[in-house]
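Data block for start_9.pdb (PDB, C-alpha atoms):
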ATOM      1  CA  MET A   1     100.252 160.112  90.665
ATOM      2  CA  PRO A   2      96.562 159.727  91.725
ATOM      3  CA  ALA A   3      95.505 159.713  88.046
ATOM      4  CA  ARG A   4      98.120 157.081  87.234
ATOM      5  CA  LYS A   5      96.937 154.899  90.114
ATOM      6  CA  ALA A   6      93.348 155.250  88.935
ATOM      7  CA  ARG A   7      94.317 154.216  85.388
ATOM      8  CA  THR A   8      96.256 151.248  86.775
ATOM      9  CA  LYS A   9      93.302 150.103  88.853
ATOM     10  CA  LEU A  10      90.980 150.510  85.850
ATOM     11  CA  LEU A  11      93.319 148.491  83.631
ATOM     12  CA  THR A  12      93.629 145.749  86.252
ATOM     13  CA  PHE A  13      89.856 145.608  86.626
ATOM     14  CA  GLY A  14      89.438 145.410  82.863
ATOM     15  CA  LEU A  15      91.889 142.535  82.487
ATOM     16  CA  ARG A  16      90.202 140.601  85.296
ATOM     17  CA  ALA A  17      86.796 141.196  83.700
ATOM     18  CA  ILE A  18      88.058 139.895  80.343
ATOM     19  CA  PHE A  19      89.504 136.810  82.047
ATOM     20  CA  VAL A  20      86.274 136.033  83.900
ATOM     21  CA  PHE A  21      84.205 136.634  80.740
ATOM     22  CA  GLY A  22      86.500 134.253  78.862
ATOM     23  CA  ILE A  23      85.935 131.509  81.441
ATOM     24  CA  ILE A  24      82.172 132.012  81.344
ATOM     25  CA  TRP A  25      82.108 132.079  77.540
ATOM     26  CA  SER A  26      84.201 128.925  77.393
ATOM     27  CA  ALA A  27      81.772 127.121  79.715
ATOM     28  CA  ARG A  28      78.775 128.343  77.695
ATOM     29  CA  PHE A  29      80.454 127.188  74.490
ATOM     30  CA  TRP A  30      80.713 123.628  75.784
ATOM     31  CA  GLU A  31      77.110 123.696  77.006
ATOM     32  CA  VAL A  32      75.568 125.223  73.870
ATOM     33  CA  PHE A  33      77.627 124.097  70.900
ATOM     34  CA  LEU A  34      79.054 120.747  71.990
ATOM     35  CA  PRO A  35      75.660 118.947  72.085
ATOM     36  CA  ARG A  36      75.131 119.966  68.428
ATOM     37  CA  LEU A  37      78.047 117.830  67.346
ATOM     38  CA  SER A  38      77.437 114.292  66.153
ATOM     39  CA  PRO A  39      77.538 111.618  68.902
ATOM     40  CA  VAL A  40      80.904 110.358  67.692
ATOM     41  CA  ASN A  41      82.445 113.817  67.572
ATOM     42  CA  PHE A  42      80.836 114.681  70.894
ATOM     43  CA  LEU A  43      82.461 111.727  72.649
ATOM     44  CA  GLY A  44      85.782 112.296  70.945
ATOM     45  CA  VAL A  45      85.972 115.956  71.889
ATOM     46  CA  LEU A  46      84.743 115.214  75.391
ATOM     47  CA  MET A  47      87.454 112.602  75.903
ATOM     48  CA  LEU A  48      90.140 114.945  74.590
ATOM     49  CA  ARG A  49      88.896 117.674  76.887
ATOM     50  CA  ARG A  50      88.823 115.275  79.830
ATOM     51  CA  ASP A  51      92.350 114.025  79.165
ATOM     52  CA  PHE A  52      93.596 117.580  78.767
ATOM     53  CA  PHE A  53      92.212 118.616  82.119
ATOM     54  CA  ARG A  54      93.525 115.462  83.805
ATOM     55  CA  ALA A  55      96.996 116.110  82.462
ATOM     56  CA  SER A  56      96.794 119.768  83.476
ATOM     57  CA  LEU A  57      95.669 118.903  86.996
ATOM     58  CA  ALA A  58      98.374 116.247  87.364
ATOM     59  CA  ALA A  59     101.060 118.675  86.227
ATOM     60  CA  SER A  60      99.758 121.359  88.556
ATOM     61  CA  ALA A  61      99.666 118.942  91.494
ATOM     62  CA  ALA A  62     103.204 117.737  90.828
ATOM     63  CA  ALA A  63     104.455 121.303  90.691
ATOM     64  CA  ALA A  64     102.514 122.368  93.762
ATOM     65  CA  PHE A  65     103.342 119.408  96.007
ATOM     66  CA  PRO A  66     106.879 118.143  95.373
ATOM     67  CA  PHE A  67     108.224 115.535  97.784
ATOM     68  CA  SER A  68     110.480 118.035  99.514
ATOM     69  CA  ARG A  69     107.571 120.348 100.229
ATOM     70  CA  SER A  70     104.794 117.897 101.024
ATOM     71  CA  LEU A  71     104.125 119.784 104.246
ATOM     72  CA  ALA A  72     103.701 123.494 104.907
ATOM     73  CA  ASP A  73     106.347 125.587 103.151
ATOM     74  CA  ASP A  74     107.158 127.383 106.363
ATOM     75  CA  LYS A  75     108.109 124.152 108.133
ATOM     76  CA  ALA A  76     111.336 122.338 107.299
ATOM     77  CA  VAL A  77     110.767 118.666 106.530
ATOM     78  CA  LYS A  78     112.859 116.649 108.974
ATOM     79  CA  VAL A  79     112.857 112.864 109.494
ATOM     80  CA  LEU A  80     114.181 111.144 112.622
ATOM     81  CA  TYR A  81     115.726 107.766 111.785
ATOM     82  CA  PHE A  82     116.085 105.753 115.009
ATOM     83  CA  THR A  83     118.204 102.583 114.992
ATOM     84  CA  ASN A  84     118.664 101.548 118.600
ATOM     85  CA  SER A  85     118.977  97.770 118.934
ATOM     86  CA  ALA A  86     118.211  96.520 122.435
ATOM     87  CA  GLY A  87     117.908  93.095 120.831
ATOM     88  CA  PHE A  88     119.703  91.730 117.754
ATOM     89  CA  GLU A  89     121.547  94.402 115.768
ATOM     90  CA  HIS A  90     121.120  93.982 112.013
ATOM     91  CA  GLY A  91     123.859  94.720 109.514
ATOM     92  CA  PRO A  92     122.205  97.786 107.917
ATOM     93  CA  VAL A  93     122.171  99.648 111.270
ATOM     94  CA  LYS A  94     125.723  98.805 112.369
ATOM     95  CA  ILE A  95     128.099 101.770 112.275
ATOM     96  CA  VAL A  96     130.447 101.494 109.299
ATOM     97  CA  LYS A  97     131.750 104.987 108.506
ATOM     98  CA  ASP A  98     131.837 108.401 110.163
ATOM     99  CA  GLY A  99     129.373 107.313 112.826
ATOM    100  CA  LEU A 100     126.817 106.189 110.242
ATOM    101  CA  SER A 101     125.435 102.818 109.194
ATOM    102  CA  VAL A 102     124.683 101.642 105.647
ATOM    103  CA  SER A 103     120.989 102.494 106.055
ATOM    104  CA  ASP A 104     121.868 105.874 107.645
ATOM    105  CA  ILE A 105     123.951 106.743 104.598
ATOM    106  CA  ALA A 106     121.209 105.586 102.215
ATOM    107  CA  LEU A 107     118.461 107.630 103.887
ATOM    108  CA  LYS A 108     120.626 110.723 104.212
ATOM    109  CA  LYS A 109     121.401 110.499 100.504
ATOM    110  CA  LEU A 110     117.716 110.020  99.706
ATOM    111  CA  GLY A 111     116.773 112.956 101.896
ATOM    112  CA  ALA A 112     119.404 115.228 100.366
ATOM    113  CA  THR A 113     118.048 114.441  96.902
ATOM    114  CA  HIS A 114     114.593 115.641  97.924
ATOM    115  CA  GLY A 115     115.483 118.512 100.227
ATOM    116  CA  ILE A 116     114.731 116.647 103.454
ATOM    117  CA  GLU A 117     116.942 116.539 106.512
ATOM    118  CA  VAL A 118     117.377 113.043 107.943
ATOM    119  CA  VAL A 119     118.593 112.907 111.553
ATOM    120  CA  CYS A 120     120.123 109.509 112.384
ATOM    121  CA  THR A 121     120.592 108.380 115.984
ATOM    122  CA  LYS A 122     120.602 105.408 118.332
ATOM    123  CA  ASP A 123     120.202 107.589 121.426
ATOM    124  CA  GLY A 124     116.760 107.192 122.973
ATOM    125  CA  LYS A 125     117.169 110.429 124.909
ATOM    126  CA  ILE A 126     116.218 112.304 121.769
ATOM    127  CA  PHE A 127     112.568 111.532 122.565
ATOM    128  CA  ASP A 128     112.838 113.654 125.714
ATOM    129  CA  GLY A 129     113.604 116.665 123.526
ATOM    130  CA  ASP A 130     111.761 118.676 120.873
ATOM    131  CA  LEU A 131     109.729 116.229 118.795
ATOM    132  CA  LYS A 132     107.749 118.962 117.026
ATOM    133  CA  GLN A 133     110.729 119.526 114.722
ATOM    134  CA  PHE A 134     110.123 116.150 113.058
ATOM    135  CA  SER A 135     107.596 115.443 110.329
ATOM    136  CA  CYS A 136     108.202 111.689 110.385
ATOM    137  CA  PHE A 137     109.839 109.007 112.530
ATOM    138  CA  ALA A 138     111.501 105.956 110.972
ATOM    139  CA  PHE A 139     112.493 102.936 113.071
ATOM    140  CA  TYR A 140     114.894 100.074 112.347
ATOM    141  CA  SER A 141     114.994  98.934 115.966
ATOM    142  CA  SER A 142     114.740  95.790 118.070
ATOM    143  CA  GLY A 143     114.039  94.689 121.616
ATOM    144  CA  ASP A 144     112.833  96.646 124.622
ATOM    145  CA  LEU A 145     114.004 100.170 123.859
ATOM    146  CA  LEU A 146     113.611 101.181 127.508
ATOM    147  CA  GLN A 147     116.646  98.997 128.285
ATOM    148  CA  GLY A 148     120.355  99.283 127.483
ATOM    149  CA  PRO A 149     122.901 102.112 127.180
ATOM    150  CA  ASN A 150     120.866 104.034 124.575
ATOM    151  CA  ALA A 151     117.562 103.519 126.355
ATOM    152  CA  MET A 152     114.500 105.632 125.718
ATOM    153  CA  SER A 153     112.823 106.885 128.881
ATOM    154  CA  ALA A 154     109.286 105.783 129.725
ATOM    155  CA  GLU A 155     108.195 109.403 129.337
ATOM    156  CA  GLY A 156     110.031 109.615 126.017
ATOM    157  CA  LYS A 157     108.093 106.606 124.746
ATOM    158  CA  LYS A 158     104.806 108.259 125.732
ATOM    159  CA  ARG A 159     105.835 111.465 123.972
ATOM    160  CA  PHE A 160     106.868 109.525 120.848
ATOM    161  CA  LEU A 161     103.507 107.726 120.618
ATOM    162  CA  ALA A 162     101.602 110.935 121.371
ATOM    163  CA  ALA A 163     103.450 112.715 118.552
ATOM    164  CA  ILE A 164     102.231 110.087 116.078
ATOM    165  CA  ASP A 165      98.689 110.492 117.401
ATOM    166  CA  ASP A 166      99.059 114.207 116.695
ATOM    167  CA  GLY A 167     100.109 113.703 113.077
ATOM    168  CA  VAL A 168     103.802 112.805 112.837
ATOM    169  CA  GLY A 169     104.285 110.045 110.261
ATOM    170  CA  PHE A 170     105.958 106.709 110.985
ATOM    171  CA  VAL A 171     107.804 104.239 108.738
ATOM    172  CA  GLY A 172     109.004 100.953 110.234
ATOM    173  CA  PHE A 173     111.637  98.733 108.626
ATOM    174  CA  HIS A 174     112.199  95.015 109.131
ATOM    175  CA  SER A 175     112.950  94.531 112.856
ATOM    176  CA  ALA A 176     110.766  97.476 113.853
ATOM    177  CA  SER A 177     108.177  94.722 114.412
ATOM    178  CA  ASP A 178     110.688  92.951 116.715
ATOM    179  CA  THR A 179     110.418  95.843 119.159
ATOM    180  CA  TRP A 180     108.492  95.757 122.452
ATOM    181  CA  ARG A 181     107.266  92.234 121.700
ATOM    182  CA  THR A 182     104.475  90.546 123.600
ATOM    183  CA  ALA A 183     105.224  88.005 126.323
ATOM    184  CA  GLY A 184     103.751  84.538 126.008
ATOM    185  CA  PRO A 185     103.789  81.649 123.517
ATOM    186  CA  ALA A 186     105.299  82.708 120.195
ATOM    187  CA  TYR A 187     102.766  80.926 118.001
ATOM    188  CA  GLU A 188      99.681  82.343 119.646
ATOM    189  CA  ASN A 189      97.856  85.570 118.862
ATOM    190  CA  GLN A 190      97.374  87.880 121.833
ATOM    191  CA  THR A 191      94.776  90.570 122.384
ATOM    192  CA  GLU A 192      96.822  92.564 124.905
ATOM    193  CA  VAL A 193      99.953  93.950 123.244
ATOM    194  CA  ASP A 194     102.287  96.885 123.799
ATOM    195  CA  PRO A 195     100.915 100.264 122.627
ATOM    196  CA  TYR A 196     103.810 100.440 120.164
ATOM    197  CA  ILE A 197     102.782  97.146 118.542
ATOM    198  CA  ARG A 198      99.184  98.334 118.362
ATOM    199  CA  MET A 199     100.403 101.505 116.645
ATOM    200  CA  LEU A 200     102.546  99.503 114.227
ATOM    201  CA  GLY A 201      99.791  97.039 113.330
ATOM    202  CA  GLY A 202     101.555  93.672 113.709
ATOM    203  CA  GLU A 203     104.302  91.798 115.554
ATOM    204  CA  PHE A 204     107.301  89.637 114.635
ATOM    205  CA  ILE A 205     107.303  85.922 115.527
ATOM    206  CA  SER A 206     110.303  84.356 113.788
ATOM    207  CA  HIS A 207     111.975  83.901 110.431
ATOM    208  CA  GLY A 208     113.401  81.110 108.292
ATOM    209  CA  PRO A 209     116.347  81.058 105.872
ATOM    210  CA  ASP A 210     116.969  83.992 103.547
ATOM    211  CA  GLN A 211     115.318  83.285 100.209
ATOM    212  CA  ASP A 212     113.456  84.590  97.224
ATOM    213  CA  ALA A 213     109.762  85.109  97.868
ATOM    214  CA  ILE A 214     106.780  86.433  95.989
ATOM    215  CA  MET A 215     105.207  89.697  97.115
ATOM    216  CA  THR A 216     101.644  90.004  95.847
ATOM    217  CA  ILE A 217     100.684  93.639  95.308
ATOM    218  CA  THR A 218      97.350  94.518  96.836
ATOM    219  CA  GLN A 219      97.727  98.318  96.657
ATOM    220  CA  PRO A 220      99.256  99.031  93.238
ATOM    221  CA  THR A 221      97.558 102.232  92.201
ATOM    222  CA  ARG A 222      98.788 104.959  94.538
ATOM    223  CA  ILE A 223     102.366 103.903  95.289
ATOM    224  CA  PRO A 224     104.322 104.983  92.205
ATOM    225  CA  TRP A 225     107.035 102.295  92.459
ATOM    226  CA  LEU A 226     104.449  99.515  92.298
ATOM    227  CA  LYS A 227     102.570 100.786  89.252
ATOM    228  CA  ASP A 228     104.606  98.893  86.645
ATOM    229  CA  LYS A 229     105.167  95.719  88.695
ATOM    230  CA  GLY A 230     101.995  93.938  87.626
ATOM    231  CA  GLU A 231     100.342  91.681  90.174
ATOM    232  CA  SER A 232     103.503  90.677  92.054
ATOM    233  CA  PHE A 233     107.293  90.773  92.172
ATOM    234  CA  LYS A 234     110.041  88.523  93.543
ATOM    235  CA  HIS A 235     112.550  89.710  96.115
ATOM    236  CA  PHE A 236     115.353  88.119  98.169
ATOM    237  CA  ASP A 237     115.321  88.908 101.875
ATOM    238  CA  GLU A 238     115.064  87.538 105.396
ATOM    239  CA  TRP A 239     111.303  87.220 105.590
ATOM    240  CA  TYR A 240     109.597  87.780 108.919
ATOM    241  CA  ALA A 241     106.568  85.808 110.050
ATOM    242  CA  HIS A 242     104.074  88.039 111.885
ATOM    243  CA  LYS A 243     101.084  87.826 114.210
ATOM    244  CA  ASN A 244      98.845  90.072 116.315
ATOM    245  CA  PHE A 245      97.643  91.986 113.293
ATOM    246  CA  ASN A 246      95.354  94.955 113.751
ATOM    247  CA  GLU A 247      91.993  94.495 112.080
ATOM    248  CA  ASP A 248      92.250  97.998 110.609
ATOM    249  CA  ILE A 249      95.465  97.567 108.596
ATOM    250  CA  HIS A 250      95.478  98.039 104.848
ATOM    251  CA  VAL A 251      97.717  95.373 103.316
ATOM    252  CA  ILE A 252      99.985  96.668 100.551
ATOM    253  CA  LEU A 253     102.168  93.583  99.954
ATOM    254  CA  THR A 254     101.200  90.012 100.823
ATOM    255  CA  GLN A 255     103.770  87.358 101.752
ATOM    256  CA  GLU A 256     103.060  84.357  99.527
ATOM    257  CA  THR A 257     104.135  81.301 101.529
ATOM    258  CA  GLU A 258     103.658  78.489  99.028
ATOM    259  CA  GLY A 259     107.040  76.995  98.133
ATOM    260  CA  MET A 260     108.966  78.873 100.833
ATOM    261  CA  GLN A 261     111.512  76.953 102.919
ATOM    262  CA  GLY A 262     111.200  76.778 106.689
ATOM    263  CA  ARG A 263     108.470  75.967 109.208
ATOM    264  CA  ASP A 264     107.955  79.689 109.826
ATOM    265  CA  TYR A 265     106.136  79.881 106.497
ATOM    266  CA  ASN A 266     104.036  76.738 106.926
ATOM    267  CA  ARG A 267     100.946  78.922 107.053
ATOM    268  CA  PRO A 268      98.575  80.753 104.703
ATOM    269  CA  PRO A 269      99.652  84.053 103.090
ATOM    270  CA  PHE A 270      99.936  86.989 105.495
ATOM    271  CA  PRO A 271     100.695  90.740 105.376
ATOM    272  CA  ALA A 272     104.312  91.759 104.717
ATOM    273  CA  THR A 273     103.858  95.492 104.111
ATOM    274  CA  TRP A 274     100.894  97.477 105.349
ATOM    275  CA  ALA A 275      99.647 100.927 106.299
ATOM    276  CA  ARG A 276      97.137 102.375 108.719
ATOM    277  CA  MET A 277      96.190 105.585 110.485
ATOM    278  CA  GLN A 278      97.110 106.073 114.141
ATOM    279  CA  LYS A 279      94.665 108.880 114.865
ATOM    280  CA  LYS A 280      96.248 111.721 112.806
ATOM    281  CA  GLY A 281      99.521 109.895 112.094
ATOM    282  CA  ARG A 282     100.268 107.918 108.915
ATOM    283  CA  VAL A 283     101.900 104.593 109.799
ATOM    284  CA  LEU A 284     103.590 102.223 107.332
ATOM    285  CA  TYR A 285     105.596  99.068 107.980
ATOM    286  CA  THR A 286     107.559  96.781 105.657
ATOM    287  CA  SER A 287     109.334  93.549 106.572
ATOM    288  CA  MET A 288     111.987  94.152 103.889
ATOM    289  CA  GLY A 289     115.460  95.542 104.519
ATOM    290  CA  HIS A 290     117.532  92.836 106.248
ATOM    291  CA  HIS A 291     120.562  93.043 103.932
ATOM    292  CA  ASN A 292     122.971  95.896 103.270
ATOM    293  CA  LYS A 293     122.464  95.463  99.540
ATOM    294  CA  PHE A 294     118.808  96.407  99.939
ATOM    295  CA  TRP A 295     119.909  99.856 101.117
ATOM    296  CA  GLU A 296     122.555 100.129  98.396
ATOM    297  CA  ASP A 297     120.053  99.341  95.624
ATOM    298  CA  ASP A 298     118.793 102.518  93.941
ATOM    299  CA  ASN A 299     115.752 100.632  92.669
ATOM    300  CA  MET A 300     114.649  99.611  96.165
ATOM    301  CA  MET A 301     115.364 103.116  97.407
ATOM    302  CA  GLY A 302     112.731 104.255  94.931
ATOM    303  CA  LEU A 303     110.185 102.191  96.852
ATOM    304  CA  ILE A 304     111.417 103.588 100.187
ATOM    305  CA  ARG A 305     111.148 107.095  98.771
ATOM    306  CA  ASP A 306     107.482 106.408  97.976
ATOM    307  CA  PHE A 307     106.862 105.005 101.456
ATOM    308  CA  PHE A 308     108.169 108.228 102.974
ATOM    309  CA  GLY A 309     106.219 110.227 100.422
ATOM    310  CA  TRP A 310     102.967 108.767 101.716
ATOM    311  CA  ALA A 311     103.948 109.061 105.385
ATOM    312  CA  LEU A 312     104.790 112.740 104.809
ATOM    313  CA  GLY A 313     101.487 113.418 103.051
ATOM    314  CA  GLU A 314     102.775 113.769  99.478
ATOM    315  CA  TYR A 315      99.908 111.621  98.231
ATOM    316  CA  ASP A 316      96.933 109.747  99.646
ATOM    317  CA  MET A 317      95.833 106.158  99.229
ATOM    318  CA  ASP A 318      92.761 104.161 100.142
ATOM    319  CA  LEU A 319      93.293 102.753 103.622
ATOM    320  CA  THR A 320      90.106 100.718 103.797
ATOM    321  CA  PRO A 321      90.936  97.721 106.028
ATOM    322  CA  ASN A 322      91.465  94.737 103.736
ATOM    323  CA  ILE A 323      93.263  92.095 105.786
ATOM    324  CA  ASP A 324      90.149  89.918 105.907
ATOM    325  CA  LYS A 325      89.799  90.185 102.136
ATOM    326  CA  VAL A 326      93.344  89.723 100.817
ATOM    327  CA  THR A 327      94.799  87.551 103.620
ATOM    328  CA  PRO A 328      91.707  85.990 105.225
ATOM    329  CA  GLU A 329      93.737  83.334 107.085
ATOM    330  CA  ALA A 330      96.521  85.579 108.362
ATOM    331  CA  SER A 331      95.686  84.680 111.951
ATOM    332  CA  ILE A 332      96.613  81.020 111.285
ATOM    333  CA  LEU A 333     100.234  80.968 112.444
ATOM    334  CA  GLN A 334     101.002  77.326 111.664
ATOM    335  CA  ARG A 335      99.125  74.788 109.592
TER     336      ARG A 335
END

Let's see the structure in the file written out as structure tokens.
Amino acid sequence: MPARKARTKLLTFGLRAIFVFGIIWSARFWEVFLPRLSPVNFLGVLMLRRDFFRASLAASAAAAFPFSRSLADDKAVKVLYFTNSAGFEHGPVKIVKDGLSVSDIALKKLGATHGIEVVCTKDGKIFDGDLKQFSCFAFYSSGDLLQGPNAMSAEGKKRFLAAIDDGVGFVGFHSASDTWRTAGPAYENQTEVDPYIRMLGGEFISHGPDQDAIMTITQPTRIPWLKDKGESFKHFDEWYAHKNFNEDIHVILTQETEGMQGRDYNRPPFPATWARMQKKGRVLYTSMGHHNKFWEDDNMMGLIRDFFGWALGEYDMDLTPNIDKVTPEASILQR
């Protein structure tokens, strides 16, 4: 047995040595022989080699970091979808079947496809419990969530915001910006806003009639769904007008206002979907999602899947603040 173990160790060492030698020889080959090729051949081979390694790295990354395992393998990926409406209750969060809403059903289906557990609730007491079990929060809420039969406690709100600071992701849909709104004149920007609004990055003012509108893409490269959409796409929704934008937001989709109906859009283009970091937490908000059909559309669910992918750390994107560059007059609320 000792002799067999010794032979096994020797064989293992030999195979490792051959592997390392092969890597070194390969590197020396490219350094010594490649420059001897003609310039045309040199560039051609170099490009092929580059593309090969890019493809290899991309394949390795996709295999190593699937959506369902974007976090540590020893931690189950769990999303809390919170739909308490202390203000107006939108159709997608109204209970329709087995205690679930249309958006609940859509997100649970999406989560099941990618091995993620989605916990759906309207009960604010959940924020008094174990928040460490969640990798991401998602809100489709409205009003003062400290009020009403499903109220969140003041301590629960503090714990919720602290969890985001500590690295839990956040995705806000539509009326999430109509939550904990700022007192005062609607069409004025305020500097003192609720900590939730500061975390989110912007605040709802009002909306006009449902209509088609152009979304200009300002972050097309890292969100997979947007890659083949060109410079913009058209979508039908109830479009929110916003104010009180954080200076540090990175605008992903811009609301083009030219040609839109309603005084709410009588203003320059402004952010409609954006992302930012709240200390360690990844925060993303989109104004889309008013209608049930949005949540029943597999195509749009592809975009939502990518939003969660980023919030959960599946991929990174440049979050350099760009509001002043892509929507320089966003603070003008009415012309």

**Ground truth for the PyMOL selection byres ((chain A and resi 216) around 8), written as a ChimeraX atom specification** = /A:214-215,217-218,231-233,253-256

**Fill in**
Of A:Phe134, A:Arg267, A:Ala183, A:Thr286, the one nearest to Glu329 in chain A when counting all atoms listed in the file is A:Arg267

With the file shown as input, list the residues that the PyMOL selection byres ((chain A and resi 294) around 12) selects, as a PDB file with C-alpha atoms, in the frame of the given file.
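Below you can see selection38.pdb, which holds the result:
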ATOM      1  CA  GLY A  91     123.859  94.720 109.514  1.00  0.00           C
ATOM      2  CA  PRO A  92     122.205  97.786 107.917  1.00  0.00           C
ATOM      3  CA  VAL A 102     124.683 101.642 105.647  1.00  0.00           C
ATOM      4  CA  SER A 103     120.989 102.494 106.055  1.00  0.00           C
ATOM      5  CA  ALA A 106     121.209 105.586 102.215  1.00  0.00           C
ATOM      6  CA  LEU A 107     118.461 107.630 103.887  1.00  0.00           C
ATOM      7  CA  PHE A 173     111.637  98.733 108.626  1.00  0.00           C
ATOM      8  CA  HIS A 174     112.199  95.015 109.131  1.00  0.00           C
ATOM      9  CA  HIS A 235     112.550  89.710  96.115  1.00  0.00           C
ATOM     10  CA  PHE A 236     115.353  88.119  98.169  1.00  0.00           C
ATOM     11  CA  ASP A 237     115.321  88.908 101.875  1.00  0.00           C
ATOM     12  CA  GLU A 238     115.064  87.538 105.396  1.00  0.00           C
ATOM     13  CA  SER A 287     109.334  93.549 106.572  1.00  0.00           C
ATOM     14  CA  MET A 288     111.987  94.152 103.889  1.00  0.00           C
ATOM     15  CA  GLY A 289     115.460  95.542 104.519  1.00  0.00           C
ATOM     16  CA  HIS A 290     117.532  92.836 106.248  1.00  0.00           C
ATOM     17  CA  HIS A 291     120.562  93.043 103.932  1.00  0.00           C
ATOM     18  CA  ASN A 292     122.971  95.896 103.270  1.00  0.00           C
ATOM     19  CA  LYS A 293     122.464  95.463  99.540  1.00  0.00           C
ATOM     20  CA  TRP A 295     119.909  99.856 101.117  1.00  0.00           C
ATOM     21  CA  GLU A 296     122.555 100.129  98.396  1.00  0.00           C
ATOM     22  CA  ASP A 297     120.053  99.341  95.624  1.00  0.00           C
ATOM     23  CA  ASP A 298     118.793 102.518  93.941  1.00  0.00           C
ATOM     24  CA  ASN A 299     115.752 100.632  92.669  1.00  0.00           C
ATOM     25  CA  MET A 300     114.649  99.611  96.165  1.00  0.00           C
ATOM     26  CA  MET A 301     115.364 103.116  97.407  1.00  0.00           C
ATOM     27  CA  GLY A 302     112.731 104.255  94.931  1.00  0.00           C
ATOM     28  CA  LEU A 303     110.185 102.191  96.852  1.00  0.00           C
ATOM     29  CA  ILE A 304     111.417 103.588 100.187  1.00  0.00           C
TER      30      ILE A 304
END

**Request:** Mind giving me the straight-line distance from CA of Asn84 in chain A to CA of Asp130 in chain A in Å, one decimal?
**Result:**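 A separation of 18.6 Å between them.
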
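Considering all atoms listed in the file, the residue among A:Gly148, A:Gly281, A:Pro209, A:Gly259 positioned nearest to Ser135 in chain A is A:Gly281.
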
**Prompt:** A:Lys109, A:Met152, A:Phe139, A:Lys97: which is nearest Asp123 in chain A, counting all atoms listed in the file?
**Reply:** A:Met152

**Item:** Long-range neighbours of Leu312 in chain A as an MDAnalysis selection string, 7 Å cut-off, all atoms listed in the file, 4 positions minimum in chain
**Value:** chainID A and resid 70 135:136 169 308

For the file shown, report as a CSV table (one decimal) with C-alpha atoms, keeping the file's coordinate frame the outcome of the PyMOL selection byres ((chain A and resi 250) around 12) at residue level.
chain,number,residue,atom,x,y,z
A,200,LEU,CA,102.5,99.5,114.2
A,201,GLY,CA,99.8,97.0,113.3
A,202,GLY,CA,101.6,93.7,113.7
A,217,ILE,CA,100.7,93.6,95.3
A,218,THR,CA,97.4,94.5,96.8
A,219,GLN,CA,97.7,98.3,96.7
A,245,PHE,CA,97.6,92.0,113.3
A,246,ASN,CA,95.4,95.0,113.8
A,247,GLU,CA,92.0,94.5,112.1
A,248,ASP,CA,92.2,98.0,110.6
A,249,ILE,CA,95.5,97.6,108.6
A,251,VAL,CA,97.7,95.4,103.3
A,252,ILE,CA,100.0,96.7,100.6
A,253,LEU,CA,102.2,93.6,100.0
A,254,THR,CA,101.2,90.0,100.8
A,270,PHE,CA,99.9,87.0,105.5
A,271,PRO,CA,100.7,90.7,105.4
A,272,ALA,CA,104.3,91.8,104.7
A,273,THR,CA,103.9,95.5,104.1
A,274,TRP,CA,100.9,97.5,105.3
A,275,ALA,CA,99.6,100.9,106.3
A,276,ARG,CA,97.1,102.4,108.7
A,277,MET,CA,96.2,105.6,110.5
A,282,ARG,CA,100.3,107.9,108.9
A,283,VAL,CA,101.9,104.6,109.8
A,284,LEU,CA,103.6,102.2,107.3
A,285,TYR,CA,105.6,99.1,108.0
A,317,MET,CA,95.8,106.2,99.2
A,318,ASP,CA,92.8,104.2,100.1
A,319,LEU,CA,93.3,102.8,103.6
A,320,THR,CA,90.1,100.7,103.8
A,321,PRO,CA,90.9,97.7,106.0
A,322,ASN,CA,91.5,94.7,103.7
A,323,ILE,CA,93.3,92.1,105.8
A,324,ASP,CA,90.1,89.9,105.9
A,325,LYS,CA,89.8,90.2,102.1
A,326,VAL,CA,93.3,89.7,100.8
A,327,THR,CA,94.8,87.6,103.6

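Residues in contact with Gly129 in chain A at 9 Å, where all atoms listed in the file are counted and same-chain residues fewer than 3 positions away are skipped, are listed as Lys125, Ile126 and Gly156 of chain A.
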
Save out the residues we just selected, C-alpha atoms, as an mmCIF file, in the frame of the given file.
data_model
loop_
_atom_site.group_PDB
_atom_site.id
_atom_site.type_symbol
_atom_site.label_atom_id
_atom_site.label_comp_id
_atom_site.auth_asym_id
_atom_site.auth_seq_id
_atom_site.Cartn_x
_atom_site.Cartn_y
_atom_site.Cartn_z
ATOM 1 C CA LYS A 125 117.169 110.429 124.909
ATOM 2 C CA ILE A 126 116.218 112.304 121.769
ATOM 3 C CA GLY A 156 110.031 109.615 126.017
#

**Prompt:** Rounded to one decimal in Å, what is the spacing between CA of Gly111 in chain A and CA of Arg222 in chain A?
**Reply:**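 Spanning CA of Gly111 in chain A to CA of Arg222 in chain A is a straight-line distance of 21.0 Å.
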
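CA of Ile116 in chain A is found 7.4 Å from CA of Val79 in chain A.
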